[in-house]
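Chemist: This is the structure, below, for whatever I ask next.
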Amino acid sequence: MSVRVRFAPSPTGFVHIGSLRTALYNYLFAKHHGGTNILRIEDTDRTRFVEGAEEEIISTCRWAGIEFDESTEKGGKCGPYRQSERTEIYRQHATILLENGNAYYAFDTSEELDKMRERQQAAGIAPKYDRSIMRNQYTLGDEETKRMLDEGAEFCIRLKVPLSSEIAFNDMIRGHVSFSSRDVDDQILMKSDGFPTYHLANVVDDRLMEITHVIRGEEWLPSTPKHILLYSAFGWDAPQFAHLPLLLNEDRSKMSKRKGDVFVYQFREKGFFPETLVNFVALLGWNPTADREMFTMQEMIDSFTLEKVNKAGAVFDYKKLEWMQSEYMKKTDPDKFVYMVRNSLNEKGISEVSDDYIKKVIILLRERVQFPTQIASFGDYMFELPKGYDEEFKNKVWTEKAASAIPMVIEILRNADEFTQPALHAKVQEFLTENKLGFKDIMNPLRLLITGKSVGAGMFETMEVLGKDATLQRIDTIFQSITGAK
RNA sequence: GCACCGUUCGUCUAGCGGUUAGGACACCGCCCUUUCACGGCGGCAGCACGGGUUCGAUUCCCGUACGGUGUACCA
């Protein structure tokens with residue numbers, strides 16, 4: 001049987017970084033096995049629905065390089081893939097359970113339920129629907145139940161959980177897991193608004209969509225017995241389950257928006273490459289070899305196995321993410337992000353720059369910045385005349401030695417006919433040797449004159465990229481302002 | 001409270017009965033050097049605890065502690 005997995009988010013807002021990892025693992029698993037990756041939108045909670053959230057999910061996954069074979073967008077043989085469009089299916093299935101005695105009608109109001117829980121907590125017992133005393137099909141009797149239904153009373157449908165039995169399954173990540181049905185609540189299957197709860201919809205859809213492996217977050221582990229019970233109530237075999245470890249805050253609590261960035265778009269806006277985020281997040285809880293950190297999507301697909309997924313939650317280490325971004329900054333083909341640099345240049349009102357030139361600047365400065373967006377500010381002098389210079393740096397490097405040697409160096413540059421790194425280096429070296437000077441004596445002053453800053457790439461490389469005219473223009477401008485100010 | 005899951009350097013992890021417990025990030029030194037980076041070299045630092053099983057436990061089993069998740073007509 002071929003592998004079929006699904007990523008089943010609910011459209012309640014932005015995509016969480018943990019959801020991204022779940023989506024990724026599903027994708028990697030599907031691709032590794034040559035199977036099918038499905039996107040299903042779980043929008044059965046009308047009160048939490050957020051307009052545009054579904055589109056955000058799709059575009060975020062696309063950005064990350066996660067593709068779906070079947071989805072709301074693409075369709076597929078098991079559609080529709082939006083649960084709100086499948087309510088009739090759930091209703092029919094609830095009826096099956098009602099008829100075979102595995103589900104029942106209940107009429108309690110939320111106030112009554114709250115009271116029940118309060119009583120139970122006061123008595124020190126676990127809150128759980130008590131079907132022997134609440135208002136439902138069993139306590140009311142079939143006749144009364146029918147009468148109320150005919151009258152149009154509000155009702156919900158609950159799962160009839162066996163009083164005492166063992167519910168066990170084999171989790172692909174955790175191994176044997178078992179629960180006692182005593183601790184399982186008579187879960188509501190159909191809400192009074194006619195929509196199913198997650199539990200019913202999830203089980204019915206996974207079955208109907210022929211899902212073979214349910215790969216989801218660990219927060220679902222405690223409700224898995226309900227799902228197992230549902231499968232058997234329908235007389236179905238359950239799929240394989242794999243419960244992923246959680247992504248944690250620094251304090252080891254479940255990663256939440258209260259403590260920093262947790263939404264994918266936030267990382268995207270900061271300038272992280274999708275490759276960085278995907279690579280990083282993949283390694284939070286999974287590790288194929290441990291002797292390397294950088295993986296392409298294809299390499300991850302090739303080596304992904306659920307057996308290698310960890311059991312314990314992983315703290316999201318922002319520092320390491322940044323390191324990885326720097327690595328990608330250094331190895332990613334500049335062609336892929338020239339446009340990002342151009343965007344930030346446009347924001348500064350600079351538009352007359354060629355792609356080719358931007359690429360050269362990227363290569364010149366990529367080791368010194370983390371994001372493409374920083375190129376335009378870190379290397380502003382590459383695109384426009386410096387507006388001033390670093391005063392502190394000037395005081396430090398503008399020595400008497402420098403002041404007397406620099407005019408001669410400038411002349412050398414002015415007369416240079418080959419304005420390349422090796423040629424300039426040779427010429428200047430010659431001058432230094434003749435005058436018993438070292439690079440130390442003039443390079444920083446030169447840097448000051450050309451960039452106005454104390455940090456940057458090698459000066460000869462910088463000059464080569466800048467070109468003779470732009471270099472001399474900068475030198476003249478700042479030289480004047482320095483000597484004039486003196 | 002109850003149920004379940006988990007526990008190797010600060011963090012991500014390798015390890016699947018015998019290892020000087022390995023790697024990466026971070027941190028600290030040193031080197032390279034025209035600045036800053038990059039890079040190179042080195043250092044710091046870990047098997048939660050207690051019982052078993054075994055010739056031998058980080059590794060297997062049982063407790064304890066600690067942590068997390070769940071406990072909704074949310075997903």
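Just remember, in the structure tokens the first chain shown is A, the second B, etc., residues are 1-based per chain, and ligands are 1-based in the order shown.
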Report as a JSON list (two decimals) with N, CA and C atoms, in the first residue's frame all protein, DNA and RNA residues lying within 12 Å of Arg342 (chain A), evaluated on only C-alpha atoms (C1' of nucleotides), omitting residues in the same chain fewer than 2 positions from it.
Modeler:
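Saved file out.json follows:
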```json
[["chain", "number", "residue", "atom", "x", "y", "z"],
["A", 334, "PRO", "N", 23.97, 34.06, -5.41],
["A", 334, "PRO", "CA", 23.50, 35.46, -5.30],
["A", 334, "PRO", "C", 22.33, 35.75, -6.24],
["A", 335, "ASP", "N", 22.30, 35.08, -7.38],
["A", 335, "ASP", "CA", 21.20, 35.29, -8.32],
["A", 335, "ASP", "C", 19.85, 35.13, -7.65],
["A", 336, "LYS", "N", 19.83, 34.25, -6.65],
["A", 336, "LYS", "CA", 18.55, 33.94, -6.00],
["A", 336, "LYS", "C", 18.04, 35.04, -5.10],
["A", 337, "PHE", "N", 18.93, 35.95, -4.72],
["A", 337, "PHE", "CA", 18.41, 36.99, -3.82],
["A", 337, "PHE", "C", 18.85, 38.42, -4.17],
["A", 338, "VAL", "N", 19.31, 38.60, -5.38],
["A", 338, "VAL", "CA", 19.63, 39.95, -5.83],
["A", 338, "VAL", "C", 18.40, 40.83, -5.66],
["A", 339, "TYR", "N", 17.25, 40.25, -5.98],
["A", 339, "TYR", "CA", 16.02, 41.04, -5.91],
["A", 339, "TYR", "C", 15.75, 41.55, -4.49],
["A", 340, "MET", "N", 16.16, 40.78, -3.50],
["A", 340, "MET", "CA", 15.93, 41.20, -2.12],
["A", 340, "MET", "C", 16.78, 42.42, -1.80],
["A", 344, "SER", "N", 15.62, 46.50, -0.97],
["A", 344, "SER", "CA", 16.01, 47.41, 0.11],
["A", 344, "SER", "C", 16.69, 48.65, -0.45],
["A", 345, "LEU", "N", 17.32, 48.52, -1.62],
["A", 345, "LEU", "CA", 17.91, 49.71, -2.25],
["A", 345, "LEU", "C", 16.81, 50.66, -2.71],
["A", 346, "ASN", "N", 15.77, 50.07, -3.28],
["A", 346, "ASN", "CA", 14.65, 50.89, -3.73],
["A", 346, "ASN", "C", 14.05, 51.68, -2.57],
["A", 347, "GLU", "N", 13.99, 51.02, -1.43],
["A", 347, "GLU", "CA", 13.45, 51.70, -0.26],
["A", 347, "GLU", "C", 14.29, 52.92, 0.11],
["A", 348, "LYS", "N", 15.57, 52.84, -0.22],
["A", 348, "LYS", "CA", 16.45, 53.98, 0.08],
["A", 348, "LYS", "C", 16.49, 54.96, -1.08],
["A", 349, "GLY", "N", 15.70, 54.68, -2.10],
["A", 349, "GLY", "CA", 15.64, 55.57, -3.23],
["A", 349, "GLY", "C", 16.76, 55.37, -4.24],
["A", 350, "ILE", "N", 17.41, 54.23, -4.17],
["A", 350, "ILE", "CA", 18.48, 53.95, -5.12],
["A", 350, "ILE", "C", 17.99, 52.94, -6.14],
["A", 351, "SER", "N", 17.98, 53.35, -7.40],
["A", 351, "SER", "CA", 17.43, 52.43, -8.39],
["A", 351, "SER", "C", 18.34, 52.17, -9.58],
["A", 352, "GLU", "N", 19.30, 53.05, -9.80],
["A", 352, "GLU", "CA", 20.15, 52.91, -10.98],
["A", 352, "GLU", "C", 21.33, 51.99, -10.75],
["A", 353, "VAL", "N", 21.05, 50.77, -10.41],
["A", 353, "VAL", "CA", 22.11, 49.81, -10.17],
["A", 353, "VAL", "C", 21.81, 48.54, -10.96],
["A", 354, "SER", "N", 22.84, 47.98, -11.58],
["A", 354, "SER", "CA", 22.60, 46.77, -12.36],
["A", 354, "SER", "C", 22.62, 45.53, -11.46],
["A", 355, "ASP", "N", 21.93, 44.51, -11.90],
["A", 355, "ASP", "CA", 21.94, 43.24, -11.17],
["A", 355, "ASP", "C", 23.37, 42.73, -11.01],
["A", 356, "ASP", "N", 24.12, 42.92, -12.06],
["A", 356, "ASP", "CA", 25.49, 42.43, -12.06],
["A", 356, "ASP", "C", 26.30, 43.10, -10.95],
["A", 357, "TYR", "N", 26.11, 44.40, -10.81],
["A", 357, "TYR", "CA", 26.83, 45.14, -9.78],
["A", 357, "TYR", "C", 26.38, 44.68, -8.38],
["A", 358, "ILE", "N", 25.07, 44.54, -8.21],
["A", 358, "ILE", "CA", 24.56, 44.09, -6.92],
["A", 358, "ILE", "C", 25.17, 42.73, -6.56],
["A", 359, "LYS", "N", 25.26, 41.88, -7.56],
["A", 359, "LYS", "CA", 25.84, 40.55, -7.32],
["A", 359, "LYS", "C", 27.28, 40.65, -6.83],
["A", 361, "VAL", "N", 28.61, 43.11, -5.25],
["A", 361, "VAL", "CA", 28.61, 43.62, -3.89],
["A", 361, "VAL", "C", 28.21, 42.51, -2.89],
["A", 362, "ILE", "N", 27.27, 41.69, -3.30],
["A", 362, "ILE", "CA", 26.86, 40.58, -2.44],
["A", 362, "ILE", "C", 28.05, 39.68, -2.15],
["A", 372, "PRO", "N", 20.22, 39.33, 3.31],
["A", 372, "PRO", "CA", 20.32, 40.14, 2.10],
["A", 372, "PRO", "C", 19.93, 41.60, 2.40],
["A", 373, "THR", "N", 18.95, 41.74, 3.29],
["A", 373, "THR", "CA", 18.47, 43.08, 3.58],
["A", 373, "THR", "C", 19.54, 43.96, 4.22],
["A", 374, "GLN", "N", 20.59, 43.36, 4.74],
["A", 374, "GLN", "CA", 21.62, 44.15, 5.40],
["A", 374, "GLN", "C", 22.69, 44.66, 4.44],
["A", 375, "ILE", "N", 22.69, 44.09, 3.25],
["A", 375, "ILE", "CA", 23.71, 44.49, 2.27],
["A", 375, "ILE", "C", 23.63, 45.99, 1.98],
["A", 376, "ALA", "N", 22.42, 46.47, 1.77],
["A", 376, "ALA", "CA", 22.24, 47.87, 1.39],
["A", 376, "ALA", "C", 22.63, 48.85, 2.50],
["A", 377, "SER", "N", 22.49, 48.43, 3.75],
["A", 377, "SER", "CA", 22.86, 49.34, 4.82],
["A", 377, "SER", "C", 24.32, 49.15, 5.25],
["A", 383, "PHE", "N", 26.86, 51.90, -2.90],
["A", 383, "PHE", "CA", 25.77, 52.34, -3.77],
["A", 383, "PHE", "C", 25.60, 53.86, -3.83]]
```
Chemist: Show me which bits of chain A are within 6 Å of chain B, counting only C-alpha atoms (C1' of nucleotides), as JSON, numbers by chain.
Modeler: {"A": [126, 191, 219, 222, 290, 291, 312, 320, 368, 439, 440, 443, 454, 455, 456]}
Chemist: Measuring between only C-alpha atoms, which one of A:Lys146, A:Lys259, A:Lys128, A:Lys160 shows the shortest distance to Leu98 (chain A)?
Modeler: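 Of the candidates, the smallest distance to Leu98 (chain A) is held by A:Lys160.
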Chemist: Could you give me, as a list of chain:residue names, each residue of region 65-193 of chain A that DSSP assigns to strand (DSSP E) when run on this structure's backbone?
Modeler: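 So, restricting region 65-193 of chain A to strand (DSSP E), we get A:Ala103, A:Tyr104, A:Tyr105, A:Ala106, A:Cys156, A:Ile157, A:Arg158, A:Leu159, A:Glu166, A:Ile167, A:Ala168, A:Phe169, A:Asn170, A:Asp171, A:Gly175, A:His176, A:Val177, A:Ser178, A:Phe179, A:Ser180, A:Ile188, A:Leu189, A:Met190.
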Chemist: Counting only C-alpha atoms, which of A:Thr483, A:Asn102, A:Asn37, A:Thr276 gets nearest to Glu293 (chain A)?
Modeler: A:Thr276
Chemist: Considering only C-alpha atoms, can you say which of A:Val203, A:Leu20, A:Ala122, A:Val50 comes closest to Ala94 (chain A)?
Modeler: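 Closest residue, counting only C-alpha atoms: A:Val203.
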Chemist: Considering only C-alpha atoms (C1' of nucleotides), return as a VMD selection string whatever protein or nucleic-acid residues lie within 12 Å of U64 (chain B), sequence-local ones (same chain, fewer than 3 positions apart) excluded.
Modeler: chain B and resid 48 to 51
Chemist: Could the residues in this selection be saved with N, CA and C atoms (P, O5', C5', C4', C3', O3' and C1' of nucleotides) as an mmCIF file, in the first residue's frame?
Modeler:
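And here is the file that came out, result_38.cif:
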```cif
data_model
loop_
_atom_site.group_PDB
_atom_site.id
_atom_site.type_symbol
_atom_site.label_atom_id
_atom_site.label_comp_id
_atom_site.auth_asym_id
_atom_site.auth_seq_id
_atom_site.Cartn_x
_atom_site.Cartn_y
_atom_site.Cartn_z
ATOM 1 P P A B 48 20.701 11.590 32.605
ATOM 2 O "O5'" A B 48 20.875 12.135 34.088
ATOM 3 C "C5'" A B 48 21.337 13.469 34.320
ATOM 4 C "C4'" A B 48 20.848 13.905 35.669
ATOM 5 C "C3'" A B 48 20.901 12.794 36.724
ATOM 6 O "O3'" A B 48 22.151 12.793 37.389
ATOM 7 C "C1'" A B 48 18.731 13.759 36.681
ATOM 8 P P C B 49 22.804 11.394 37.822
ATOM 9 O "O5'" C B 49 21.931 10.991 39.093
ATOM 10 C "C5'" C B 49 21.927 11.815 40.251
ATOM 11 C "C4'" C B 49 20.916 11.294 41.232
ATOM 12 C "C3'" C B 49 21.033 9.807 41.547
ATOM 13 O "O3'" C B 49 21.993 9.564 42.553
ATOM 14 C "C1'" C B 49 18.772 10.339 41.089
ATOM 15 P P G B 50 22.703 8.109 42.599
ATOM 16 O "O5'" G B 50 21.504 7.186 43.095
ATOM 17 C "C5'" G B 50 20.999 7.345 44.414
ATOM 18 C "C4'" G B 50 19.930 6.325 44.665
ATOM 19 C "C3'" G B 50 20.293 4.901 44.279
ATOM 20 O "O3'" G B 50 21.083 4.278 45.263
ATOM 21 C "C1'" G B 50 18.127 5.404 43.488
ATOM 22 P P G B 51 21.755 2.855 44.954
ATOM 23 O "O5'" G B 51 20.553 1.877 45.238
ATOM 24 C "C5'" G B 51 20.583 0.564 44.709
ATOM 25 C "C4'" G B 51 19.183 0.048 44.571
ATOM 26 C "C3'" G B 51 19.107 -1.204 43.718
ATOM 27 O "O3'" G B 51 19.363 -2.353 44.501
ATOM 28 C "C1'" G B 51 17.552 0.367 42.922
#
```
